[in-house]
$ cat run37.txt   # compact mmCIF, C-alpha atoms and all ligand atoms
# COMPACT_ATOMS: atom_id res chain seq x y z
CA MET Y 1 19.38 11.12 -15.92
CA LYS Y 2 21.74 8.29 -16.69
CA THR Y 3 25.41 8.46 -15.73
CA VAL Y 4 27.12 11.46 -17.29
CA TYR Y 5 30.44 10.10 -18.52
CA LEU Y 6 32.94 12.90 -19.09
CA ASP Y 7 36.20 10.99 -18.70
CA ASN Y 8 36.85 10.03 -22.33
CA ASN Y 9 40.56 10.84 -22.00
CA ALA Y 10 40.77 7.95 -19.50
CA THR Y 11 38.87 5.45 -21.60
CA THR Y 12 35.86 5.32 -23.92
CA SER Y 13 32.87 3.01 -24.11
CA ILE Y 14 33.17 0.19 -26.61
CA SER Y 15 30.93 0.88 -29.59
CA PRO Y 16 28.37 -1.70 -30.79
CA GLU Y 17 29.93 -1.76 -34.29
CA VAL Y 18 33.26 -2.61 -32.69
CA VAL Y 19 31.71 -5.47 -30.74
CA ASP Y 20 30.13 -6.75 -33.96
CA ALA Y 21 33.46 -6.58 -35.75
CA MET Y 22 35.14 -8.53 -32.93
CA MET Y 23 32.54 -11.28 -32.55
CA PRO Y 24 33.60 -13.51 -35.49
CA TYR Y 25 37.07 -13.76 -33.95
CA LEU Y 26 35.67 -14.84 -30.61
CA THR Y 27 33.50 -17.50 -32.24
CA ASP Y 28 34.08 -18.91 -35.75
CA ILE Y 29 37.53 -17.63 -36.65
CA TRP Y 30 39.49 -18.81 -33.64
CA GLY Y 31 42.51 -20.25 -35.42
CA ASN Y 32 46.12 -19.31 -34.80
CA ALA Y 33 47.28 -16.92 -37.52
CA SER Y 34 50.68 -18.63 -37.52
CA SER Y 35 49.23 -22.11 -38.20
CA VAL Y 36 49.00 -21.77 -41.94
CA PHE Y 37 49.08 -25.44 -42.95
CA TYR Y 38 45.33 -25.81 -42.46
CA SER Y 39 42.34 -23.67 -43.26
CA VAL Y 40 41.40 -22.86 -39.64
CA GLY Y 41 44.72 -21.03 -39.27
CA GLN Y 42 44.70 -19.65 -42.80
CA LYS Y 43 41.41 -17.87 -42.16
CA ALA Y 44 42.97 -16.14 -39.18
CA GLU Y 45 46.08 -15.28 -41.17
CA THR Y 46 44.04 -13.78 -44.02
CA ALA Y 47 41.92 -11.80 -41.58
CA LEU Y 48 45.01 -10.47 -39.82
CA ALA Y 49 46.50 -9.28 -43.12
CA GLU Y 50 43.26 -7.47 -44.01
CA LEU Y 51 43.02 -5.83 -40.59
CA ARG Y 52 46.62 -4.68 -40.83
CA GLU Y 53 45.87 -3.20 -44.25
CA SER Y 54 42.83 -1.38 -42.86
CA VAL Y 55 44.82 0.10 -39.96
CA ALA Y 56 47.62 1.21 -42.31
CA LYS Y 57 45.04 2.99 -44.48
CA SER Y 58 43.41 4.69 -41.48
CA ILE Y 59 46.67 6.32 -40.35
CA GLY Y 60 48.08 6.97 -43.81
CA ALA Y 61 50.97 4.48 -43.60
CA ALA Y 62 52.67 3.66 -46.92
CA ARG Y 63 52.63 -0.09 -46.26
CA SER Y 64 50.77 -2.47 -43.99
CA ASN Y 65 54.05 -4.07 -42.86
CA GLU Y 66 54.75 -0.85 -40.94
CA ILE Y 67 51.90 -1.70 -38.53
CA TYR Y 68 52.83 -3.70 -35.41
CA PHE Y 69 50.08 -4.71 -32.99
CA THR Y 70 50.78 -4.56 -29.27
CA ALA Y 71 48.84 -5.23 -26.07
CA SER Y 72 48.42 -1.54 -25.14
CA GLY Y 73 49.45 2.03 -25.68
CA CYS Y 74 51.88 1.64 -22.79
CA GLU Y 75 53.54 -1.29 -24.54
CA ALA Y 76 53.81 0.62 -27.81
CA ASP Y 77 55.49 3.54 -26.01
CA ASN Y 78 57.84 1.26 -24.06
CA TRP Y 79 58.79 -0.65 -27.18
CA ALA Y 80 59.44 2.47 -29.23
CA ILE Y 81 61.72 3.96 -26.60
CA LYS Y 82 63.59 0.92 -25.27
CA GLY Y 83 63.68 -0.71 -28.70
CA ILE Y 84 65.42 2.28 -30.28
CA ALA Y 85 67.69 2.75 -27.29
CA PHE Y 86 68.97 -0.84 -27.43
CA ALA Y 87 69.23 -1.00 -31.22
CA HIS Y 88 71.23 2.24 -31.47
CA LYS Y 89 73.27 2.26 -28.27
CA ARG Y 90 76.54 1.99 -30.17
CA LYS Y 91 75.72 5.19 -32.01
CA GLY Y 92 74.69 7.14 -28.92
CA ASN Y 93 72.87 7.12 -25.61
CA HIS Y 94 70.97 10.41 -25.58
CA ILE Y 95 67.18 10.72 -25.75
CA ILE Y 96 65.04 13.87 -25.87
CA THR Y 97 61.51 14.05 -24.50
CA THR Y 98 59.35 16.53 -22.55
CA LYS Y 99 58.28 16.95 -18.93
CA ILE Y 100 54.60 16.40 -19.78
CA GLU Y 101 54.67 12.98 -21.44
CA HIS Y 102 52.42 10.12 -20.36
CA HIS Y 103 53.84 7.94 -17.58
CA ALA Y 104 54.47 5.16 -20.11
CA VAL Y 105 57.05 7.39 -21.84
CA LEU Y 106 58.49 8.92 -18.67
CA GLY Y 107 58.74 5.51 -17.00
CA ALA Y 108 60.58 3.99 -19.96
CA CYS Y 109 62.97 6.98 -20.05
CA GLU Y 110 63.65 6.74 -16.31
CA PHE Y 111 64.39 3.03 -16.68
CA LEU Y 112 66.88 3.81 -19.45
CA GLU Y 113 68.54 6.48 -17.30
CA LYS Y 114 69.25 3.79 -14.71
CA ASN Y 115 70.82 1.73 -17.48
CA GLY Y 116 73.36 4.13 -18.87
CA PHE Y 117 71.28 6.38 -21.08
CA GLU Y 118 70.97 10.13 -20.79
CA VAL Y 119 67.57 11.80 -21.12
CA THR Y 120 66.77 15.48 -21.67
CA TYR Y 121 63.31 16.39 -20.38
CA LEU Y 122 62.36 19.59 -22.20
CA ASP Y 123 60.49 22.32 -20.35
CA VAL Y 124 57.12 23.41 -21.70
CA ASP Y 125 55.57 26.88 -21.63
CA LYS Y 126 52.59 27.89 -19.49
CA ASP Y 127 50.18 26.18 -21.91
CA GLY Y 128 52.24 23.03 -22.28
CA PHE Y 129 53.99 23.71 -25.60
CA VAL Y 130 57.49 22.78 -26.69
CA THR Y 131 58.95 24.48 -29.75
CA PRO Y 132 60.87 22.91 -32.64
CA GLU Y 133 63.69 25.36 -31.77
CA GLN Y 134 63.92 23.94 -28.25
CA VAL Y 135 64.11 20.45 -29.66
CA GLU Y 136 66.79 21.43 -32.16
CA ALA Y 137 68.89 23.10 -29.46
CA ALA Y 138 68.78 19.92 -27.37
CA ILE Y 139 70.07 17.63 -30.13
CA LYS Y 140 73.64 16.42 -29.64
CA ASP Y 141 75.98 14.14 -31.60
CA ASN Y 142 74.92 11.20 -29.46
CA THR Y 143 71.13 11.80 -29.71
CA ILE Y 144 69.40 8.66 -30.98
CA LEU Y 145 65.72 9.34 -30.28
CA ILE Y 146 63.24 12.16 -29.82
CA THR Y 147 59.88 11.18 -28.32
CA ILE Y 148 57.20 13.87 -27.93
CA MET Y 149 53.47 13.31 -27.59
CA THR Y 150 51.05 14.51 -30.26
CA ALA Y 151 48.49 15.71 -27.72
CA ASN Y 152 48.55 15.80 -23.93
CA ASN Y 153 46.06 13.63 -22.06
CA GLU Y 154 45.66 15.97 -19.08
CA ILE Y 155 45.55 19.49 -20.49
CA GLY Y 156 44.85 18.86 -24.18
CA THR Y 157 47.88 20.67 -25.64
CA ILE Y 158 48.50 19.72 -29.29
CA GLU Y 159 52.24 19.88 -29.96
CA PRO Y 160 53.79 21.06 -33.27
CA ILE Y 161 54.60 17.48 -34.28
CA LYS Y 162 55.09 18.05 -37.99
CA GLU Y 163 57.65 20.79 -37.36
CA ILE Y 164 59.45 18.73 -34.71
CA ALA Y 165 59.55 15.73 -37.06
CA GLU Y 166 61.20 17.98 -39.66
CA VAL Y 167 63.89 19.00 -37.16
CA ALA Y 168 64.50 15.35 -36.23
CA LYS Y 169 64.77 14.38 -39.89
CA ASN Y 170 67.25 17.18 -40.65
CA HIS Y 171 69.47 15.89 -37.86
CA LYS Y 172 68.92 12.21 -38.78
CA VAL Y 173 67.45 11.44 -35.36
CA ILE Y 174 64.56 8.96 -35.05
CA PHE Y 175 61.28 10.57 -33.99
CA HIS Y 176 58.49 8.83 -32.07
CA THR Y 177 55.17 10.33 -31.04
CA ASP Y 178 52.56 9.07 -28.59
CA ALA Y 179 49.34 9.83 -30.49
CA VAL Y 180 47.08 7.89 -28.12
CA GLN Y 181 44.96 10.95 -27.27
CA ALA Y 182 45.10 12.42 -30.75
CA ILE Y 183 43.34 9.65 -32.65
CA GLY Y 184 39.67 10.50 -33.14
CA HIS Y 185 40.25 14.07 -31.99
CA MET Y 186 42.35 15.45 -34.85
CA PRO Y 187 43.56 14.27 -38.27
CA ILE Y 188 46.49 11.85 -38.04
CA ASN Y 189 48.47 10.82 -41.10
CA VAL Y 190 51.91 9.39 -40.38
CA GLN Y 191 53.33 10.36 -43.76
CA GLU Y 192 52.05 13.92 -43.63
CA LEU Y 193 53.35 14.28 -40.08
CA GLY Y 194 56.68 12.78 -41.15
CA VAL Y 195 57.08 10.72 -37.97
CA ASP Y 196 59.16 7.53 -37.80
CA MET Y 197 57.08 5.86 -35.10
CA LEU Y 198 53.62 6.46 -33.63
CA SER Y 199 51.73 4.78 -30.78
CA LEU Y 200 47.99 4.38 -30.39
CA SER Y 201 45.60 2.48 -28.12
CA ALA Y 202 42.19 1.08 -29.10
CA HIS Y 203 40.32 1.84 -25.89
CA LYS Y 204 40.75 5.58 -26.35
CA PHE Y 205 38.63 5.51 -29.53
CA HIS Y 206 35.76 3.16 -28.61
CA GLY Y 207 37.77 0.00 -29.21
CA PRO Y 208 38.52 -2.72 -26.65
CA LYS Y 209 41.06 -2.45 -23.85
CA GLY Y 210 44.32 -4.38 -24.04
CA VAL Y 211 45.24 -3.71 -27.66
CA GLY Y 212 47.45 -1.05 -29.17
CA MET Y 213 49.65 -0.44 -32.15
CA LEU Y 214 53.09 0.88 -32.95
CA TYR Y 215 53.70 2.27 -36.43
CA ILE Y 216 57.34 1.77 -37.39
CA ARG Y 217 58.37 3.29 -40.69
CA ASN Y 218 60.22 0.86 -42.92
CA GLY Y 219 63.95 1.26 -42.52
CA VAL Y 220 63.87 2.13 -38.81
CA ARG Y 221 66.02 -0.37 -36.91
CA ILE Y 222 64.46 -1.39 -33.58
CA GLU Y 223 65.22 -4.07 -30.99
CA ASN Y 224 62.46 -6.37 -29.72
CA LEU Y 225 60.77 -5.71 -26.41
CA ILE Y 226 59.07 -9.12 -26.30
CA HIS Y 227 61.19 -12.05 -27.44
CA GLY Y 228 59.97 -15.49 -28.43
CA GLY Y 229 58.00 -16.47 -31.49
CA GLY Y 230 58.17 -15.04 -34.99
CA GLN Y 231 54.93 -13.06 -34.94
CA GLU Y 232 54.77 -9.48 -36.21
CA ARG Y 233 57.59 -10.20 -38.66
CA GLY Y 234 59.78 -11.49 -35.85
CA LYS Y 235 59.57 -8.22 -33.95
CA ARG Y 236 56.98 -9.03 -31.29
CA ALA Y 237 56.34 -12.54 -30.01
CA ALA Y 238 52.83 -13.58 -28.91
CA THR Y 239 49.91 -15.21 -30.70
CA GLU Y 240 47.96 -12.35 -32.20
CA ASN Y 241 44.90 -11.06 -30.36
CA LEU Y 242 42.74 -11.21 -33.46
CA ALA Y 243 39.49 -10.12 -31.81
CA GLY Y 244 41.24 -7.18 -30.18
CA ILE Y 245 42.95 -6.24 -33.43
CA ALA Y 246 39.60 -6.39 -35.26
CA GLY Y 247 38.17 -4.07 -32.60
CA LEU Y 248 41.08 -1.68 -32.96
CA ALA Y 249 40.76 -1.64 -36.76
CA LYS Y 250 37.00 -1.00 -36.63
CA GLY Y 251 37.23 1.67 -33.95
CA LEU Y 252 39.90 3.43 -35.97
CA GLU Y 253 37.96 3.15 -39.23
CA ILE Y 254 34.88 4.73 -37.63
CA ALA Y 255 36.90 7.43 -35.85
CA VAL Y 256 38.55 8.43 -39.13
CA LYS Y 257 35.34 8.27 -41.16
CA ASN Y 258 33.40 10.49 -38.73
CA LEU Y 259 36.30 12.72 -37.72
CA ASP Y 260 35.00 16.05 -39.04
CA SER Y 261 31.51 15.82 -37.61
CA ASN Y 262 32.75 14.31 -34.33
CA MET Y 263 35.32 17.05 -33.90
CA ALA Y 264 32.75 19.77 -34.56
CA HIS Y 265 30.36 18.29 -32.02
CA MET Y 266 32.98 17.70 -29.33
CA LYS Y 267 34.36 21.20 -29.76
CA LYS Y 268 30.89 22.64 -29.27
CA MET Y 269 30.34 20.59 -26.11
CA ARG Y 270 33.82 21.39 -24.84
CA ASP Y 271 33.41 25.12 -25.31
CA LYS Y 272 29.99 25.15 -23.72
CA LEU Y 273 31.37 23.33 -20.69
CA MET Y 274 34.63 25.27 -20.49
CA ASN Y 275 33.14 28.73 -20.91
CA GLY Y 276 30.20 27.84 -18.68
CA LEU Y 277 32.44 26.78 -15.81
CA LEU Y 278 34.78 29.76 -16.17
CA GLU Y 279 31.81 32.15 -16.17
CA ARG Y 280 29.94 30.57 -13.27
CA ILE Y 281 32.79 29.93 -10.84
CA ASP Y 282 35.28 32.43 -9.37
CA TYR Y 283 38.95 31.82 -8.53
CA VAL Y 284 39.60 29.36 -11.32
CA LYS Y 285 42.39 28.78 -13.81
CA LEU Y 286 42.08 27.09 -17.19
CA ASN Y 287 44.98 24.68 -17.73
CA GLY Y 288 46.24 24.26 -21.29
CA PRO Y 289 45.68 26.45 -24.35
CA ASP Y 290 42.42 28.21 -25.16
CA ASP Y 291 42.78 28.18 -28.93
CA GLU Y 292 42.82 25.79 -31.91
CA ARG Y 293 45.82 24.04 -30.41
CA ARG Y 294 43.68 22.40 -27.71
CA LEU Y 295 42.20 18.91 -28.09
CA CYS Y 296 38.56 19.23 -29.12
CA ASN Y 297 37.33 17.23 -26.13
CA ASN Y 298 39.41 18.33 -23.13
CA VAL Y 299 38.57 20.78 -20.33
CA ASN Y 300 40.98 21.09 -17.40
CA ILE Y 301 40.37 23.73 -14.76
CA SER Y 302 41.89 24.36 -11.30
CA TYR Y 303 39.47 25.51 -8.59
CA GLU Y 304 41.21 27.38 -5.82
CA PHE Y 305 40.66 26.53 -2.11
CA VAL Y 306 39.27 23.03 -2.80
CA GLU Y 307 40.66 19.50 -3.26
CA GLY Y 308 40.17 17.66 -6.55
CA GLU Y 309 39.31 14.41 -4.77
CA SER Y 310 36.50 16.11 -2.83
CA ILE Y 311 35.10 17.50 -6.06
CA LEU Y 312 35.25 14.06 -7.68
CA MET Y 313 33.40 12.47 -4.74
CA ARG Y 314 30.60 15.00 -5.02
CA LEU Y 315 30.48 14.69 -8.79
CA ASN Y 316 30.17 10.95 -8.30
CA MET Y 317 27.20 11.50 -5.96
CA ALA Y 318 25.63 13.45 -8.81
CA ASP Y 319 26.48 10.55 -11.16
CA ILE Y 320 29.04 12.55 -13.13
CA CYS Y 321 32.38 10.92 -14.07
CA ALA Y 322 35.48 13.09 -14.38
CA SER Y 323 39.13 12.89 -13.37
CA SER Y 324 41.46 14.82 -11.08
CA GLY Y 325 44.46 14.21 -13.32
CA SER Y 326 45.64 11.21 -15.25
CA ALA Y 327 44.26 7.96 -13.88
CA CYS Y 328 47.77 6.82 -13.01
CA ALA Y 329 48.58 10.05 -11.18
CA SER Y 330 45.37 10.30 -9.17
CA GLY Y 331 45.63 8.11 -6.14
CA SER Y 332 49.06 9.53 -5.41
CA LEU Y 333 49.44 12.63 -3.26
CA ASP Y 334 51.78 14.43 -5.63
CA PRO Y 335 50.13 16.95 -7.88
CA SER Y 336 50.15 16.04 -11.56
CA HIS Y 337 53.57 16.33 -13.21
CA VAL Y 338 51.89 18.05 -16.14
CA LEU Y 339 50.38 20.81 -14.01
CA MET Y 340 53.71 21.23 -12.23
CA ALA Y 341 55.49 21.53 -15.60
CA ILE Y 342 53.18 24.33 -16.78
CA GLY Y 343 53.82 26.18 -13.52
CA VAL Y 344 50.50 25.74 -11.72
CA PRO Y 345 51.24 26.43 -8.03
CA HIS Y 346 50.90 23.39 -5.72
CA GLU Y 347 48.12 25.15 -3.82
CA ILE Y 348 45.77 25.18 -6.77
CA ALA Y 349 47.06 22.16 -8.72
CA HIS Y 350 45.44 19.95 -6.08
CA GLY Y 351 42.05 21.38 -6.96
CA SER Y 352 42.09 20.47 -10.65
CA ILE Y 353 39.43 18.58 -12.56
CA ARG Y 354 39.59 17.24 -16.08
CA PHE Y 355 36.36 16.74 -18.01
CA SER Y 356 36.69 15.06 -21.40
CA VAL Y 357 33.62 15.00 -23.61
CA GLY Y 358 32.81 12.39 -26.25
CA GLU Y 359 31.00 12.26 -29.58
CA ASP Y 360 27.85 11.19 -27.73
CA THR Y 361 27.91 13.98 -25.11
CA THR Y 362 24.65 15.96 -25.14
CA ASP Y 363 23.65 19.56 -24.40
CA GLU Y 364 21.51 18.29 -21.52
CA GLU Y 365 24.49 16.57 -19.94
CA ILE Y 366 26.58 19.74 -20.13
CA ASP Y 367 23.69 21.79 -18.70
CA TYR Y 368 23.47 19.34 -15.82
CA VAL Y 369 27.21 19.63 -15.06
CA LEU Y 370 27.00 23.43 -15.29
CA GLU Y 371 24.23 23.33 -12.72
CA LYS Y 372 26.03 20.94 -10.34
CA MET Y 373 29.62 22.17 -10.44
CA PRO Y 374 29.04 25.69 -9.02
CA GLN Y 375 27.01 24.16 -6.17
CA ILE Y 376 29.74 21.62 -5.42
CA ILE Y 377 32.49 24.24 -5.43
CA ASP Y 378 30.39 26.61 -3.25
CA ARG Y 379 29.74 23.91 -0.65
CA LEU Y 380 33.35 22.75 -0.55
CA ARG Y 381 34.60 26.31 -0.21
CA ALA Y 382 32.14 26.91 2.60
CA MET Y 383 33.92 24.08 4.46
CA SER Y 384 37.44 25.11 3.48
CA PRO Y 385 39.73 26.65 6.15
CA MET Y 386 41.81 28.13 3.32
CA TYR Y 387 38.80 29.88 1.86
CA GLU Y 388 37.90 31.25 5.28
CA GLU Y 389 41.40 32.67 5.70
CA PHE Y 390 41.18 34.14 2.22
CA GLU Y 391 37.87 35.81 3.02
CA GLU Y 392 39.35 37.22 6.21
CA GLY Y 393 42.14 38.72 4.12
CA LYS Y 394 44.85 36.52 5.63
CA LEU Y 395 45.57 34.62 2.40
CA GLU Y 396 46.26 35.77 -1.14
CA SER Y 397 44.46 34.25 -4.08
CA PHE Y 398 46.71 32.61 -6.68
CA THR Y 399 44.12 32.92 -9.41
CA LYS Y 400 43.26 36.56 -8.78
CA ASN Y 401 45.67 37.99 -11.32
CA LEU Y 402 45.11 35.45 -14.06
C1 LIG O 1 45.94 6.10 -22.23
C2 LIG O 1 47.26 6.59 -22.70
C3 LIG O 1 48.35 5.71 -22.85
C4 LIG O 1 48.30 4.29 -22.42
O1 LIG O 1 47.49 3.46 -23.21
P1 LIG O 1 47.02 2.05 -22.59
O2 LIG O 1 46.47 1.31 -23.75
O3 LIG O 1 46.00 2.38 -21.56
O4 LIG O 1 48.22 1.40 -22.03
C5 LIG O 1 49.53 6.23 -23.35
N1 LIG O 1 49.64 7.51 -23.69
C6 LIG O 1 48.63 8.39 -23.55
C7 LIG O 1 48.81 9.80 -23.97
C8 LIG O 1 47.40 7.95 -23.05
O5 LIG O 1 46.42 8.82 -22.89
$ encode --input "run37.txt" --output "structure tokens"
Amino acid sequence: MKTVYLDNNATTSISPEVVDAMMPYLTDIWGNASSVFYSVGQKAETALAELRESVAKSIGAARSNEIYFTASGCEADNWAIKGIAFAHKRKGNHIITTKIEHHAVLGACEFLEKNGFEVTYLDVDKDGFVTPEQVEAAIKDNTILITIMTANNEIGTIEPIKEIAEVAKNHKVIFHTDAVQAIGHMPINVQELGVDMLSLSAHKFHGPKGVGMLYIRNGVRIENLIHGGGQERGKRAATENLAGIAGLAKGLEIAVKNLDSNMAHMKKMRDKLMNGLLERIDYVKLNGPDDERRLCNNVNISYEFVEGESILMRLNMADICASSGSACASGSLDPSHVLMAIGVPHEIAHGSIRFSVGEDTTDEEIDYVLEKMPQIIDRLRAMSPMYEEFEEGKLESFTKNL
């Protein structure tokens, strides 16, 4: 069997249609979109306008001039947060977010805290949810921004974004959402959601790496993150990455077009994998919700008495790709901040594995994982001093009463 790739929350393969859509901009149409006094540049400028229009349509934006291309999802998040903070600092210095945001959001907030801003990190419940009521209670006179992710990349929790956006609007506070994991996995329409700003990243929906987008609703005042030239209506300097933007636009177009059938397929694969693992392996805990409010492609389970890294090594030997947390978090010894926030005890948080299926995941691949995983966990537990102590009755199980 070929490599079983079940880490689609980390990145996705680039689709052939996306490559085809990018090729003209790596070959014939190489002009600078700002050099409009000759046809080489004009072609690029025209293409850029069309791509912007296509992206606006895909996310339901009212106008294409609300679409700003960036070099990543991380940049879009950083810009949204720092850009609002600096543009509105005379009005206030308070920002509201949650404890389970992506590191791009948490890192930007921590930077602002060191520079005179105050950040409220909202708690989440055991499945990772914040409520609109919690958000409302945290709003103060000096609150200038609320930033809460649409869907969590580690445990798949889909937050009540529309309701939170309503609260923000009632209090005249700007609302940003990181929708990087949501695109391609649930319907996203910026006007229906009522958000002021939304981030996405092409490589999470079969586009190329190194290109993202920030939607900024007309009328929202934001400071630049990158200063210099007049690109992106003077808001973000840098010669446009036309090939990357074409890849983003195509990936998005396909993701939106095939959303219903993709979602149905991924949900089927997810449930087969999730239920199969929970049935076959003892002393486990599902992380994140087990209902409609879970991303259609995410499975995150903690396996007691074993280390996530050891599981990953053995999965790799079986040619299966998964993750022991977010890619940024794995490699550090601290357990994931998301698992800590939902109250997973340290002891079992270390033994957590995230599988994220894709639209091309097959029944055979899931069967293969369901055959391998119980063997891997059995072998690792057979070598685990903790498991031995547990079997001798000297250690309590954390998952027993779940
Ligand atoms: C991947 C990811 C990002 C970062 O996007 P990059 O393009 O890789 O910088 C931000 N937020 C979430 C939720 C993500 O999953």
$ residues_near_ligand --input "run37.txt" --ligand "ligand LIG 1 (chain O)" --cutoff "9 Å" --atoms "all atoms listed in the file" --output "PyMOL selection string"
chain Y and resi 9-11+71-77+101-105+149-154+178-182+199-204+209-212+326-327
$ write_last_selection --input "run37.txt" --atoms "C-alpha atoms" --output "mmCIF file, in the coordinates of the input"
data_model
loop_
_atom_site.group_PDB
_atom_site.id
_atom_site.type_symbol
_atom_site.label_atom_id
_atom_site.label_comp_id
_atom_site.auth_asym_id
_atom_site.auth_seq_id
_atom_site.Cartn_x
_atom_site.Cartn_y
_atom_site.Cartn_z
ATOM 1 C CA ASN Y 9 40.560 10.840 -22.000
ATOM 2 C CA ALA Y 10 40.770 7.950 -19.500
ATOM 3 C CA THR Y 11 38.870 5.450 -21.600
ATOM 4 C CA ALA Y 71 48.840 -5.230 -26.070
ATOM 5 C CA SER Y 72 48.420 -1.540 -25.140
ATOM 6 C CA GLY Y 73 49.450 2.030 -25.680
ATOM 7 C CA CYS Y 74 51.880 1.640 -22.790
ATOM 8 C CA GLU Y 75 53.540 -1.290 -24.540
ATOM 9 C CA ALA Y 76 53.810 0.620 -27.810
ATOM 10 C CA ASP Y 77 55.490 3.540 -26.010
ATOM 11 C CA GLU Y 101 54.670 12.980 -21.440
ATOM 12 C CA HIS Y 102 52.420 10.120 -20.360
ATOM 13 C CA HIS Y 103 53.840 7.940 -17.580
ATOM 14 C CA ALA Y 104 54.470 5.160 -20.110
ATOM 15 C CA VAL Y 105 57.050 7.390 -21.840
ATOM 16 C CA MET Y 149 53.470 13.310 -27.590
ATOM 17 C CA THR Y 150 51.050 14.510 -30.260
ATOM 18 C CA ALA Y 151 48.490 15.710 -27.720
ATOM 19 C CA ASN Y 152 48.550 15.800 -23.930
ATOM 20 C CA ASN Y 153 46.060 13.630 -22.060
ATOM 21 C CA GLU Y 154 45.660 15.970 -19.080
ATOM 22 C CA ASP Y 178 52.560 9.070 -28.590
ATOM 23 C CA ALA Y 179 49.340 9.830 -30.490
ATOM 24 C CA VAL Y 180 47.080 7.890 -28.120
ATOM 25 C CA GLN Y 181 44.960 10.950 -27.270
ATOM 26 C CA ALA Y 182 45.100 12.420 -30.750
ATOM 27 C CA SER Y 199 51.730 4.780 -30.780
ATOM 28 C CA LEU Y 200 47.990 4.380 -30.390
ATOM 29 C CA SER Y 201 45.600 2.480 -28.120
ATOM 30 C CA ALA Y 202 42.190 1.080 -29.100
ATOM 31 C CA HIS Y 203 40.320 1.840 -25.890
ATOM 32 C CA LYS Y 204 40.750 5.580 -26.350
ATOM 33 C CA LYS Y 209 41.060 -2.450 -23.850
ATOM 34 C CA GLY Y 210 44.320 -4.380 -24.040
ATOM 35 C CA VAL Y 211 45.240 -3.710 -27.660
ATOM 36 C CA GLY Y 212 47.450 -1.050 -29.170
ATOM 37 C CA SER Y 326 45.640 11.210 -15.250
ATOM 38 C CA ALA Y 327 44.260 7.960 -13.880
#
$ atom_distance --input "run37.txt" --atom1 "CA of Leu273 (chain Y)" --atom2 "CA of Phe398 (chain Y)"
22.8 Å
$ atom_distance --input "run37.txt" --atom1 "CA of Ile100 (chain Y)" --atom2 "CA of Lys285 (chain Y)"
18.4 Å
$ closest_residue --input "run37.txt" --among "Y:Ile183, Y:Ala108, Y:Leu380, Y:Val4" --to "Ala322 (chain Y)" --atoms "all atoms listed in the file"
Y:Val4
$ residues_around --input "run37.txt" --residues "Asp7 (chain Y)" --least-positions-apart "3" --cutoff "8 Å" --atoms "only C-alpha atoms" --output "ChimeraX atom specification"
/Y:10-12,321-323,354-357
$ write_last_selection --input "run37.txt" --atoms "C-alpha atoms" --output "PDB file, in the frame of the given file"
ATOM      1  CA  ALA Y  10      40.770   7.950 -19.500  1.00  0.00           C
ATOM      2  CA  THR Y  11      38.870   5.450 -21.600  1.00  0.00           C
ATOM      3  CA  THR Y  12      35.860   5.320 -23.920  1.00  0.00           C
ATOM      4  CA  CYS Y 321      32.380  10.920 -14.070  1.00  0.00           C
ATOM      5  CA  ALA Y 322      35.480  13.090 -14.380  1.00  0.00           C
ATOM      6  CA  SER Y 323      39.130  12.890 -13.370  1.00  0.00           C
ATOM      7  CA  ARG Y 354      39.590  17.240 -16.080  1.00  0.00           C
ATOM      8  CA  PHE Y 355      36.360  16.740 -18.010  1.00  0.00           C
ATOM      9  CA  SER Y 356      36.690  15.060 -21.400  1.00  0.00           C
ATOM     10  CA  VAL Y 357      33.620  15.000 -23.610  1.00  0.00           C
TER      11      VAL Y 357
END
$ residues_near_point --input "run37.txt" --point "(51.4, 22.1, -36.2)" --cutoff "12 Å" --atoms "all atoms listed in the file" --output "ChimeraX atom specification"
/Y:129-132,150-151,157-166,186-188,192-194,292-294
$ atom_distance --input "run37.txt" --atom1 "CA of Gly116 (chain Y)" --atom2 "CA of Leu214 (chain Y)"
24.9 Å
$ residues_around --input "run37.txt" --residues "Ala264 (chain Y)" --least-positions-apart "4" --cutoff "10 Å" --atoms "only C-alpha atoms" --output "list in words"
His185, Leu259, Asp260, Lys268, Met269, Arg270, Cys296, Asn297 and Glu359 of chain Y
$ residues_around --input "run37.txt" --residues "Glu347 (chain Y)" --least-positions-apart "3" --cutoff "9 Å" --atoms "only C-alpha atoms" --output "VMD selection string"
chain Y and resid 304 to 305 344 350 to 351 398
$ decode --input "run37.txt" --residues "region 15-27 of chain Y" --atoms "C-alpha atoms" --output "mmCIF file, in the first residue's frame"
data_model
loop_
_atom_site.group_PDB
_atom_site.id
_atom_site.type_symbol
_atom_site.label_atom_id
_atom_site.label_comp_id
_atom_site.auth_asym_id
_atom_site.auth_seq_id
_atom_site.Cartn_x
_atom_site.Cartn_y
_atom_site.Cartn_z
ATOM 1 C CA SER Y 15 -4.103 19.136 -6.509
ATOM 2 C CA PRO Y 16 -3.291 18.744 -10.231
ATOM 3 C CA GLU Y 17 -5.960 21.308 -11.186
ATOM 4 C CA VAL Y 18 -4.274 23.793 -8.862
ATOM 5 C CA VAL Y 19 -0.899 23.167 -10.476
ATOM 6 C CA ASP Y 20 -2.489 23.691 -13.902
ATOM 7 C CA ALA Y 21 -4.048 26.945 -12.760
ATOM 8 C CA MET Y 22 -0.674 28.163 -11.437
ATOM 9 C CA MET Y 23 1.451 27.227 -14.440
ATOM 10 C CA PRO Y 24 0.618 30.211 -16.710
ATOM 11 C CA TYR Y 25 1.867 32.543 -13.970
ATOM 12 C CA LEU Y 26 5.151 30.688 -13.686
ATOM 13 C CA THR Y 27 5.681 30.799 -17.449
#
